[in-house]
Amino acid sequence: MISREVAWRMFASEYNASTLDIKGDGERAPSYVITPLGAKVNRIMVVGVLTDKQNVGTDVEPMWRALLSDGTDRFYVYAGKFSPEAVQILSNLQTPCIVAIIGKCRTYTPQGGNMYVSIRPEQIVETTPEIRDYWIVETAKSTLKRIELTEEALEIDSPTKDDLRIHGFTPNMADGVSQAISHYGKIDTNRYRGMLLEVLGQVTSDEGISMPTGDQMFSSPEEFDIDEDELIPAEEEIVPPQSKEEEQQIPPAQLDDDQKEELILKLIDSLDTTKKGAQLTELAREAAKSNIGESELEEITTSLLDKGLVYEPTIGKMKRI
């Protein structure tokens with residue numbers, strides 16, 4: 001009897017960066033996606049905002065394509081004849097909504113092109129912001145452990161699975177991390193530490209959830225430890241709120257990225273008079289008054305889409321979630 005593979009908690013930013021898959025030998029042998037941080041993934045468990053869905057098949061044989069934003073990037077979800085329950089649930093969900101998905105990893109590599117990853121859902125459940133926040137923190141904890149292991153392995157010259165087993169890696173992680181380093185080379189782990197710092201800043205719940213601090217995100221691996229059942233306490237920096245007058249005194253050229261995103265969110269709200277979304281042409285015109293050009297606006301809206309703060313109800317419109 002073939003045992004069911006563990007479903008990994010993983011952020012879209014790590015999953016989408018994967019360009020290595022391992023095909024199993026035999027008809028029923030499992031296949032795996034090897035991520036840059038050495039996760040050897042067959043099944044995945046994700047939570048985020050379902051921002052878009054579309055039946056790209058037919059009424060007789062539906063094939064639903066959906067986008068799920070977890071705050072770091074977007075997962076691509078495809079449900080067809082092999083996932084009848086998921087097809088039924090997706091067809092009834094109203095976007096935007098928060099959902100949890102457990103599914104199988106799928107890859108597609110066009111001839112001579114790059115590998116693309118997606119999820120074929122096994123289970124889809126609509127859930128709450130509190131569950132999403134809990135998933136973010138738990139996933140950050142798991143990701144941070146993989147970052148530590150990858151950094152430890154990078155200290156070894158061309159590490160093999162056996163080398164990493166000697167250093168205390170589990171068989172699964174020793175195999176995954178050794179293959180990841182062989183394929184991806186010297187992984188930029190600080191990129192993923194920065195990702196964790198950003199996504200943890202999006203957690204809205206504060207009851208019963210404690211998080212790694214910014215200093216811990218960029219400490220060397222040996223300077224801190226995470227117990228599997230205990231999260232590192234967070235230290236909150238208290239910043240006095242600005243008054244509206246103070247906010248208005250900041251010239252557009254001096255706005256940082258967060259302030260520009262907040263400005264665009266406010267513009268979307270003010271332009272969405274019909275409650276069906278703000279016209280992108282009007283948004284571009286208003287953003288230009290604050291010295292935000294079309295290319296910069298596109299970068300800002302892409303960031304907002306990735307964070308699950310806005311979605312596109314129809315082509316040419318942007319609506320706040």
# chains A, B, ... in the order shown; residues from 1 in each chain; ligands from 1

call {"tool": "residues_around", "arguments": {"residues": "Ala287 of chain A", "least_positions_apart": "2", "cutoff": "12 Å", "atoms": "only C-alpha atoms", "output": "ChimeraX atom specification"}}
result
/A:252,260-268,271,280-285,289-298,300-301

call {"tool": "select_by_dssp", "arguments": {"residues": "segment 268-299 of chain A", "states": "helix (DSSP H, G or I)", "output": "VMD selection string"}}
result
chain A and resid 268 to 271 280 to 288 294 to 299

call {"tool": "write_last_selection", "arguments": {"atoms": "C-alpha atoms", "output": "mmCIF file, in the first residue's frame"}}
result
data_model
loop_
_atom_site.group_PDB
_atom_site.id
_atom_site.type_symbol
_atom_site.label_atom_id
_atom_site.label_comp_id
_atom_site.auth_asym_id
_atom_site.auth_seq_id
_atom_site.Cartn_x
_atom_site.Cartn_y
_atom_site.Cartn_z
ATOM 1 C CA ILE A 268 -9.058 52.863 -5.904
ATOM 2 C CA ASP A 269 -11.604 53.414 -3.131
ATOM 3 C CA SER A 270 -12.428 56.947 -4.279
ATOM 4 C CA LEU A 271 -12.720 55.982 -7.965
ATOM 5 C CA LEU A 280 -7.379 51.626 -14.597
ATOM 6 C CA THR A 281 -7.298 54.569 -17.020
ATOM 7 C CA GLU A 282 -8.762 56.845 -14.326
ATOM 8 C CA LEU A 283 -6.428 55.357 -11.728
ATOM 9 C CA ALA A 284 -3.410 56.104 -13.945
ATOM 10 C CA ARG A 285 -4.594 59.682 -14.482
ATOM 11 C CA GLU A 286 -5.037 60.312 -10.748
ATOM 12 C CA ALA A 287 -1.759 58.567 -9.855
ATOM 13 C CA ALA A 288 0.082 60.801 -12.332
ATOM 14 C CA GLU A 294 2.319 54.117 -15.566
ATOM 15 C CA SER A 295 5.287 51.770 -15.114
ATOM 16 C CA GLU A 296 5.528 52.503 -11.388
ATOM 17 C CA LEU A 297 1.751 52.185 -11.055
ATOM 18 C CA GLU A 298 1.940 48.748 -12.648
ATOM 19 C CA GLU A 299 4.605 47.703 -10.116
#

call {"tool": "residues_around", "arguments": {"residues": "segment 178-189 of chain A", "least_positions_apart": "3", "cutoff": "12 Å", "atoms": "only C-alpha atoms", "output": "CSV table (one decimal) with C-alpha atoms, in the first residue's frame"}}
result
chain,number,residue,atom,x,y,z
A,14,GLU,CA,9.2,29.7,-2.8
A,17,ALA,CA,10.6,29.8,-7.9
A,18,SER,CA,11.0,26.0,-8.3
A,19,THR,CA,12.5,24.8,-11.6
A,20,LEU,CA,13.4,21.2,-10.6
A,21,ASP,CA,11.0,18.3,-10.6
A,22,ILE,CA,11.8,14.6,-10.0
A,32,TYR,CA,8.2,15.8,-6.6
A,33,VAL,CA,8.9,19.5,-7.0
A,34,ILE,CA,12.3,20.4,-5.4
A,35,THR,CA,12.1,24.0,-4.2
A,36,PRO,CA,15.1,26.4,-3.8
A,37,LEU,CA,15.0,25.8,0.0
A,38,GLY,CA,15.2,22.0,-0.4
A,39,ALA,CA,11.6,21.0,0.2
A,40,LYS,CA,10.7,17.8,-1.7
A,143,THR,CA,10.2,28.2,5.9
A,144,LEU,CA,12.6,29.6,8.4
A,145,LYS,CA,13.7,26.1,9.4
A,146,ARG,CA,14.4,25.3,5.7
A,147,ILE,CA,16.4,28.6,5.4
A,148,GLU,CA,18.5,27.5,8.3
A,149,LEU,CA,19.2,24.1,6.9
A,150,THR,CA,20.0,25.5,3.5
A,151,GLU,CA,22.5,27.9,5.0
A,152,GLU,CA,24.1,25.1,7.0
A,153,ALA,CA,24.4,23.0,3.9
A,154,LEU,CA,25.9,25.8,1.9
A,155,GLU,CA,28.8,25.8,4.3
A,156,ILE,CA,29.7,22.3,2.9
A,157,ASP,CA,31.5,22.0,-0.4
A,158,SER,CA,29.1,20.2,-2.9
A,159,PRO,CA,27.1,18.5,-0.1
A,160,THR,CA,25.7,15.1,-0.8
A,161,LYS,CA,22.7,13.5,0.9
A,162,ASP,CA,25.1,11.4,3.0
A,163,ASP,CA,27.0,14.5,4.1
A,164,LEU,CA,23.8,16.2,5.3
A,165,ARG,CA,22.6,13.0,7.1
A,169,PHE,CA,19.4,16.3,8.5
A,170,THR,CA,16.3,14.1,8.2
A,171,PRO,CA,16.5,11.8,5.2
A,172,ASN,CA,13.8,13.8,3.3
A,173,MET,CA,15.5,17.2,3.9
A,174,ALA,CA,19.0,15.8,3.2
A,175,ASP,CA,17.8,14.5,-0.2
A,192,TYR,CA,13.5,34.5,1.7
A,193,ARG,CA,14.2,36.1,5.0
A,194,GLY,CA,13.0,39.4,3.6
A,195,MET,CA,9.9,37.7,2.2
A,196,LEU,CA,9.1,36.3,5.7
A,217,MET,CA,14.8,37.1,10.2
A,218,PHE,CA,18.3,38.4,9.4
A,219,SER,CA,20.4,36.8,12.1
A,220,SER,CA,22.8,34.0,11.3
A,221,PRO,CA,21.2,30.5,11.8

call {"tool": "residues_around", "arguments": {"residues": "segment 112-121 of chain A", "least_positions_apart": "4", "cutoff": "12 Å", "atoms": "only C-alpha atoms", "output": "ChimeraX atom specification"}}
result
/A:7,12-21,32-35,41-46,63-68,74-90,99-108,125

call {"tool": "select_by_dssp", "arguments": {"residues": "segment 3-234 of chain A", "states": "strand (DSSP E)", "output": "mmCIF file with N, CA and C atoms, in the first residue's frame"}}
result
data_model
loop_
_atom_site.group_PDB
_atom_site.id
_atom_site.type_symbol
_atom_site.label_atom_id
_atom_site.label_comp_id
_atom_site.auth_asym_id
_atom_site.auth_seq_id
_atom_site.Cartn_x
_atom_site.Cartn_y
_atom_site.Cartn_z
ATOM 1 N N ALA A 7 1.401 16.921 3.230
ATOM 2 C CA ALA A 7 1.121 18.198 2.562
ATOM 3 C C ALA A 7 1.959 19.293 3.233
ATOM 4 N N TRP A 8 2.851 19.913 2.464
ATOM 5 C CA TRP A 8 3.752 20.939 2.993
ATOM 6 C C TRP A 8 3.053 22.292 3.057
ATOM 7 N N ARG A 9 3.289 23.026 4.141
ATOM 8 C CA ARG A 9 2.919 24.439 4.180
ATOM 9 C C ARG A 9 4.026 25.220 3.469
ATOM 10 N N LEU A 20 12.858 22.604 -10.633
ATOM 11 C CA LEU A 20 13.352 21.227 -10.637
ATOM 12 C C LEU A 20 12.236 20.293 -10.197
ATOM 13 N N ASP A 21 11.929 19.300 -11.035
ATOM 14 C CA ASP A 21 10.985 18.269 -10.629
ATOM 15 C C ASP A 21 11.620 16.900 -10.836
ATOM 16 N N ILE A 22 11.236 15.980 -9.971
ATOM 17 C CA ILE A 22 11.766 14.622 -10.006
ATOM 18 C C ILE A 22 10.610 13.684 -10.316
ATOM 19 N N TYR A 32 7.955 14.711 -7.541
ATOM 20 C CA TYR A 32 8.204 15.759 -6.562
ATOM 21 C C TYR A 32 8.691 17.041 -7.251
ATOM 22 N N VAL A 33 8.335 18.168 -6.632
ATOM 23 C CA VAL A 33 8.927 19.457 -6.957
ATOM 24 C C VAL A 33 9.975 19.741 -5.892
ATOM 25 N N ILE A 34 11.197 20.069 -6.312
ATOM 26 C CA ILE A 34 12.267 20.436 -5.379
ATOM 27 C C ILE A 34 12.374 21.950 -5.368
ATOM 28 N N LYS A 40 10.994 18.847 -0.667
ATOM 29 C CA LYS A 40 10.724 17.824 -1.685
ATOM 30 C C LYS A 40 9.223 17.559 -1.633
ATOM 31 N N VAL A 41 8.479 18.266 -2.493
ATOM 32 C CA VAL A 41 7.038 18.424 -2.324
ATOM 33 C C VAL A 41 6.254 17.619 -3.357
ATOM 34 N N ARG A 43 2.647 17.050 -2.227
ATOM 35 C CA ARG A 43 1.360 17.661 -1.885
ATOM 36 C C ARG A 43 1.636 18.946 -1.117
ATOM 37 N N ILE A 44 0.687 19.895 -1.192
ATOM 38 C CA ILE A 44 0.904 21.214 -0.607
ATOM 39 C C ILE A 44 -0.384 21.706 0.038
ATOM 40 N N MET A 45 -0.236 22.464 1.127
ATOM 41 C CA MET A 45 -1.382 23.031 1.835
ATOM 42 C C MET A 45 -1.211 24.538 1.897
ATOM 43 N N VAL A 46 -2.157 25.290 1.303
ATOM 44 C CA VAL A 46 -2.016 26.738 1.202
ATOM 45 C C VAL A 46 -3.313 27.424 1.647
ATOM 46 N N VAL A 47 -3.163 28.668 2.099
ATOM 47 C CA VAL A 47 -4.315 29.495 2.496
ATOM 48 C C VAL A 47 -4.097 30.897 1.954
ATOM 49 N N GLY A 48 -5.139 31.505 1.414
ATOM 50 C CA GLY A 48 -5.016 32.861 0.899
ATOM 51 C C GLY A 48 -6.319 33.358 0.326
ATOM 52 N N VAL A 49 -6.228 34.463 -0.381
ATOM 53 C CA VAL A 49 -7.417 35.090 -0.964
ATOM 54 C C VAL A 49 -7.603 34.586 -2.393
ATOM 55 N N LEU A 50 -8.743 33.985 -2.656
ATOM 56 C CA LEU A 50 -9.094 33.575 -4.019
ATOM 57 C C LEU A 50 -9.533 34.834 -4.758
ATOM 58 N N THR A 51 -8.678 35.323 -5.639
ATOM 59 C CA THR A 51 -8.933 36.617 -6.277
ATOM 60 C C THR A 51 -9.582 36.497 -7.648
ATOM 61 N N ASP A 52 -9.457 35.334 -8.274
ATOM 62 C CA ASP A 52 -10.008 35.196 -9.617
ATOM 63 C C ASP A 52 -10.241 33.726 -9.913
ATOM 64 N N LYS A 53 -11.272 33.426 -10.672
ATOM 65 C CA LYS A 53 -11.532 32.063 -11.134
ATOM 66 C C LYS A 53 -12.201 32.142 -12.499
ATOM 67 N N GLN A 54 -11.958 31.130 -13.318
ATOM 68 C CA GLN A 54 -12.506 31.134 -14.677
ATOM 69 C C GLN A 54 -12.607 29.703 -15.178
ATOM 70 N N ASN A 55 -13.735 29.365 -15.779
ATOM 71 C CA ASN A 55 -13.898 28.066 -16.406
ATOM 72 C C ASN A 55 -13.301 28.141 -17.803
ATOM 73 N N TRP A 64 -11.581 24.499 -14.206
ATOM 74 C CA TRP A 64 -11.520 25.778 -13.506
ATOM 75 C C TRP A 64 -10.073 26.167 -13.246
ATOM 76 N N ARG A 65 -9.757 27.412 -13.605
ATOM 77 C CA ARG A 65 -8.456 28.001 -13.300
ATOM 78 C C ARG A 65 -8.678 29.111 -12.279
ATOM 79 N N ALA A 66 -7.921 29.070 -11.193
ATOM 80 C CA ALA A 66 -8.110 30.048 -10.126
ATOM 81 C C ALA A 66 -6.763 30.598 -9.677
ATOM 82 N N LEU A 67 -6.779 31.830 -9.156
ATOM 83 C CA LEU A 67 -5.591 32.468 -8.589
ATOM 84 C C LEU A 67 -5.808 32.650 -7.097
ATOM 85 N N LEU A 68 -4.810 32.233 -6.313
ATOM 86 C CA LEU A 68 -4.874 32.348 -4.855
ATOM 87 C C LEU A 68 -3.679 33.148 -4.384
ATOM 88 N N SER A 69 -3.917 34.295 -3.763
ATOM 89 C CA SER A 69 -2.838 35.161 -3.288
ATOM 90 C C SER A 69 -2.597 34.920 -1.805
ATOM 91 N N ARG A 74 1.240 34.599 -6.136
ATOM 92 C CA ARG A 74 -0.034 33.940 -6.417
ATOM 93 C C ARG A 74 0.167 32.479 -6.802
ATOM 94 N N PHE A 75 -0.647 31.606 -6.206
ATOM 95 C CA PHE A 75 -0.685 30.206 -6.615
ATOM 96 C C PHE A 75 -1.647 30.070 -7.796
ATOM 97 N N TYR A 76 -1.286 29.201 -8.721
ATOM 98 C CA TYR A 76 -2.162 28.880 -9.843
ATOM 99 C C TYR A 76 -2.805 27.522 -9.575
ATOM 100 N N VAL A 77 -4.126 27.498 -9.583
ATOM 101 C CA VAL A 77 -4.886 26.306 -9.216
ATOM 102 C C VAL A 77 -5.712 25.866 -10.417
ATOM 103 N N TYR A 78 -5.638 24.584 -10.756
ATOM 104 C CA TYR A 78 -6.407 24.035 -11.876
ATOM 105 C C TYR A 78 -7.196 22.819 -11.388
ATOM 106 N N ALA A 79 -8.506 22.833 -11.597
ATOM 107 C CA ALA A 79 -9.373 21.728 -11.190
ATOM 108 C C ALA A 79 -10.221 21.289 -12.370
ATOM 109 N N CYS A 97 -12.592 35.711 -1.731
ATOM 110 C CA CYS A 97 -12.872 35.031 -0.472
ATOM 111 C C CYS A 97 -11.603 34.333 -0.024
ATOM 112 N N ILE A 98 -11.530 34.022 1.248
ATOM 113 C CA ILE A 98 -10.360 33.341 1.805
ATOM 114 C C ILE A 98 -10.628 31.843 1.807
ATOM 115 N N VAL A 99 -9.704 31.075 1.245
ATOM 116 C CA VAL A 99 -9.877 29.630 1.176
ATOM 117 C C VAL A 99 -8.597 28.921 1.599
ATOM 118 N N ALA A 100 -8.770 27.687 2.056
ATOM 119 C CA ALA A 100 -7.658 26.782 2.316
ATOM 120 C C ALA A 100 -7.719 25.668 1.282
ATOM 121 N N ILE A 101 -6.571 25.326 0.723
ATOM 122 C CA ILE A 101 -6.511 24.303 -0.320
ATOM 123 C C ILE A 101 -5.417 23.288 0.011
ATOM 124 N N ILE A 102 -5.761 22.023 -0.085
ATOM 125 C CA ILE A 102 -4.773 20.950 -0.058
ATOM 126 C C ILE A 102 -4.804 20.307 -1.436
ATOM 127 N N GLY A 103 -3.637 20.136 -2.040
ATOM 128 C CA GLY A 103 -3.632 19.595 -3.393
ATOM 129 C C GLY A 103 -2.311 18.994 -3.792
ATOM 130 N N LYS A 104 -2.285 18.453 -4.985
ATOM 131 C CA LYS A 104 -1.094 17.830 -5.552
ATOM 132 C C LYS A 104 -0.318 18.860 -6.361
ATOM 133 N N CYS A 105 1.002 18.763 -6.301
ATOM 134 C CA CYS A 105 1.856 19.631 -7.097
ATOM 135 C C CYS A 105 1.854 19.173 -8.555
ATOM 136 N N ARG A 106 1.758 20.128 -9.444
ATOM 137 C CA ARG A 106 1.790 19.826 -10.871
ATOM 138 C C ARG A 106 2.797 20.743 -11.551
ATOM 139 N N THR A 107 3.466 20.233 -12.584
ATOM 140 C CA THR A 107 4.437 21.029 -13.331
ATOM 141 C C THR A 107 4.132 20.953 -14.818
ATOM 142 N N TYR A 108 4.539 21.994 -15.519
ATOM 143 C CA TYR A 108 4.378 22.038 -16.971
ATOM 144 C C TYR A 108 5.595 22.730 -17.561
ATOM 145 N N TYR A 116 6.785 25.568 -15.170
ATOM 146 C CA TYR A 116 5.746 26.276 -14.424
ATOM 147 C C TYR A 116 5.093 25.307 -13.440
ATOM 148 N N VAL A 117 4.791 25.812 -12.238
ATOM 149 C CA VAL A 117 4.176 24.962 -11.217
ATOM 150 C C VAL A 117 2.746 25.418 -10.952
ATOM 151 N N SER A 118 1.912 24.472 -10.567
ATOM 152 C CA SER A 118 0.520 24.775 -10.223
ATOM 153 C C SER A 118 0.066 23.768 -9.172
ATOM 154 N N ILE A 119 -1.194 23.880 -8.776
ATOM 155 C CA ILE A 119 -1.778 22.974 -7.782
ATOM 156 C C ILE A 119 -3.040 22.355 -8.363
ATOM 157 N N ARG A 120 -3.172 21.035 -8.223
ATOM 158 C CA ARG A 120 -4.431 20.367 -8.529
ATOM 159 C C ARG A 120 -5.114 20.078 -7.202
ATOM 160 N N PRO A 121 -6.188 20.789 -6.880
ATOM 161 C CA PRO A 121 -6.768 20.693 -5.532
ATOM 162 C C PRO A 121 -7.441 19.364 -5.249
ATOM 163 N N GLU A 122 -7.251 18.882 -4.026
ATOM 164 C CA GLU A 122 -7.968 17.720 -3.517
ATOM 165 C C GLU A 122 -9.109 18.174 -2.607
ATOM 166 N N GLN A 123 -8.827 19.210 -1.809
ATOM 167 C CA GLN A 123 -9.827 19.776 -0.902
ATOM 168 C C GLN A 123 -9.769 21.295 -0.973
ATOM 169 N N ILE A 124 -10.932 21.931 -0.967
ATOM 170 C CA ILE A 124 -11.033 23.392 -0.915
ATOM 171 C C ILE A 124 -12.074 23.744 0.139
ATOM 172 N N VAL A 125 -11.692 24.609 1.078
ATOM 173 C CA VAL A 125 -12.601 25.007 2.148
ATOM 174 C C VAL A 125 -12.541 26.520 2.307
ATOM 175 N N GLU A 126 -13.674 27.180 2.313
ATOM 176 C CA GLU A 126 -13.694 28.613 2.615
ATOM 177 C C GLU A 126 -13.408 28.796 4.094
#

call {"tool": "atom_distance", "arguments": {"atom1": "atom CA of Pro313 of chain A", "atom2": "atom CA of Gly277 of chain A"}}
result
6.8 Å

call {"tool": "atom_distance", "arguments": {"atom1": "atom CA of Glu130 of chain A", "atom2": "atom CA of Ala278 of chain A"}}
result
28.4 Å

call {"tool": "atom_distance", "arguments": {"atom1": "atom CA of Glu61 of chain A", "atom2": "atom CA of Asn92 of chain A"}}
result
16.1 Å

call {"tool": "residues_around", "arguments": {"residues": "Lys307 of chain A", "least_positions_apart": "6", "cutoff": "8 Å", "atoms": "only C-alpha atoms", "output": "count of residues only"}}
result
5

call {"tool": "decode", "arguments": {"residues": "segment 188-206 of chain A", "atoms": "N, CA, C and O atoms", "output": "PDB file, in the first residue's frame"}}
result
ATOM      1  N   ASP A 188      20.082  32.449  -2.560  1.00  0.00           N
ATOM      2  CA  ASP A 188      20.057  33.713  -1.825  1.00  0.00           C
ATOM      3  C   ASP A 188      19.019  33.591  -0.713  1.00  0.00           C
ATOM      4  O   ASP A 188      17.852  33.927  -0.897  1.00  0.00           O
ATOM      5  N   THR A 189      19.437  33.114   0.448  1.00  0.00           N
ATOM      6  CA  THR A 189      18.495  32.903   1.545  1.00  0.00           C
ATOM      7  C   THR A 189      17.973  34.209   2.128  1.00  0.00           C
ATOM      8  O   THR A 189      16.878  34.244   2.691  1.00  0.00           O
ATOM      9  N   ASN A 190      18.752  35.294   2.002  1.00  0.00           N
ATOM     10  CA  ASN A 190      18.263  36.578   2.521  1.00  0.00           C
ATOM     11  C   ASN A 190      17.020  37.047   1.777  1.00  0.00           C
ATOM     12  O   ASN A 190      16.196  37.777   2.323  1.00  0.00           O
ATOM     13  N   ARG A 191      16.890  36.624   0.517  1.00  0.00           N
ATOM     14  CA  ARG A 191      15.668  36.949  -0.233  1.00  0.00           C
ATOM     15  C   ARG A 191      14.454  36.372   0.499  1.00  0.00           C
ATOM     16  O   ARG A 191      13.417  37.034   0.621  1.00  0.00           O
ATOM     17  N   TYR A 192      14.600  35.150   0.990  1.00  0.00           N
ATOM     18  CA  TYR A 192      13.476  34.498   1.655  1.00  0.00           C
ATOM     19  C   TYR A 192      13.284  35.018   3.079  1.00  0.00           C
ATOM     20  O   TYR A 192      12.159  35.076   3.578  1.00  0.00           O
ATOM     21  N   ARG A 193      14.363  35.428   3.721  1.00  0.00           N
ATOM     22  CA  ARG A 193      14.211  36.067   5.032  1.00  0.00           C
ATOM     23  C   ARG A 193      13.432  37.379   4.883  1.00  0.00           C
ATOM     24  O   ARG A 193      12.567  37.696   5.693  1.00  0.00           O
ATOM     25  N   GLY A 194      13.768  38.137   3.839  1.00  0.00           N
ATOM     26  CA  GLY A 194      13.034  39.381   3.596  1.00  0.00           C
ATOM     27  C   GLY A 194      11.568  39.126   3.282  1.00  0.00           C
ATOM     28  O   GLY A 194      10.684  39.874   3.708  1.00  0.00           O
ATOM     29  N   MET A 195      11.302  38.055   2.525  1.00  0.00           N
ATOM     30  CA  MET A 195       9.920  37.679   2.215  1.00  0.00           C
ATOM     31  C   MET A 195       9.147  37.394   3.487  1.00  0.00           C
ATOM     32  O   MET A 195       7.999  37.833   3.650  1.00  0.00           O
ATOM     33  N   LEU A 196       9.762  36.657   4.421  1.00  0.00           N
ATOM     34  CA  LEU A 196       9.084  36.337   5.679  1.00  0.00           C
ATOM     35  C   LEU A 196       8.786  37.602   6.472  1.00  0.00           C
ATOM     36  O   LEU A 196       7.698  37.747   7.045  1.00  0.00           O
ATOM     37  N   LEU A 197       9.749  38.496   6.509  1.00  0.00           N
ATOM     38  CA  LEU A 197       9.561  39.746   7.252  1.00  0.00           C
ATOM     39  C   LEU A 197       8.374  40.524   6.692  1.00  0.00           C
ATOM     40  O   LEU A 197       7.560  41.076   7.440  1.00  0.00           O
ATOM     41  N   GLU A 198       8.255  40.546   5.368  1.00  0.00           N
ATOM     42  CA  GLU A 198       7.162  41.293   4.738  1.00  0.00           C
ATOM     43  C   GLU A 198       5.812  40.624   4.965  1.00  0.00           C
ATOM     44  O   GLU A 198       4.830  41.277   5.305  1.00  0.00           O
ATOM     45  N   VAL A 199       5.744  39.309   4.790  1.00  0.00           N
ATOM     46  CA  VAL A 199       4.444  38.639   4.901  1.00  0.00           C
ATOM     47  C   VAL A 199       3.960  38.603   6.347  1.00  0.00           C
ATOM     48  O   VAL A 199       2.756  38.696   6.606  1.00  0.00           O
ATOM     49  N   LEU A 200       4.879  38.507   7.310  1.00  0.00           N
ATOM     50  CA  LEU A 200       4.455  38.527   8.710  1.00  0.00           C
ATOM     51  C   LEU A 200       3.883  39.886   9.096  1.00  0.00           C
ATOM     52  O   LEU A 200       3.054  39.976   9.996  1.00  0.00           O
ATOM     53  N   GLY A 201       4.317  40.938   8.393  1.00  0.00           N
ATOM     54  CA  GLY A 201       3.755  42.260   8.645  1.00  0.00           C
ATOM     55  C   GLY A 201       2.317  42.393   8.202  1.00  0.00           C
ATOM     56  O   GLY A 201       1.636  43.357   8.552  1.00  0.00           O
ATOM     57  N   GLN A 202       1.817  41.421   7.435  1.00  0.00           N
ATOM     58  CA  GLN A 202       0.434  41.460   6.965  1.00  0.00           C
ATOM     59  C   GLN A 202      -0.524  40.748   7.897  1.00  0.00           C
ATOM     60  O   GLN A 202      -1.737  40.765   7.688  1.00  0.00           O
ATOM     61  N   VAL A 203       0.016  40.083   8.934  1.00  0.00           N
ATOM     62  CA  VAL A 203      -0.850  39.367   9.871  1.00  0.00           C
ATOM     63  C   VAL A 203      -1.675  40.369  10.657  1.00  0.00           C
ATOM     64  O   VAL A 203      -1.140  41.310  11.240  1.00  0.00           O
ATOM     65  N   THR A 204      -2.982  40.177  10.657  1.00  0.00           N
ATOM     66  CA  THR A 204      -3.883  41.129  11.320  1.00  0.00           C
ATOM     67  C   THR A 204      -4.281  40.682  12.711  1.00  0.00           C
ATOM     68  O   THR A 204      -4.615  41.489  13.566  1.00  0.00           O
ATOM     69  N   SER A 205      -4.294  39.380  12.968  1.00  0.00           N
ATOM     70  CA  SER A 205      -4.673  38.882  14.289  1.00  0.00           C
ATOM     71  C   SER A 205      -3.499  39.022  15.243  1.00  0.00           C
ATOM     72  O   SER A 205      -2.350  38.880  14.858  1.00  0.00           O
ATOM     73  N   ASP A 206      -3.791  39.308  16.514  1.00  0.00           N
ATOM     74  CA  ASP A 206      -2.709  39.389  17.485  1.00  0.00           C
ATOM     75  C   ASP A 206      -2.982  38.540  18.717  1.00  0.00           C
ATOM     76  O   ASP A 206      -2.206  38.536  19.662  1.00  0.00           O
TER      77      ASP A 206
END
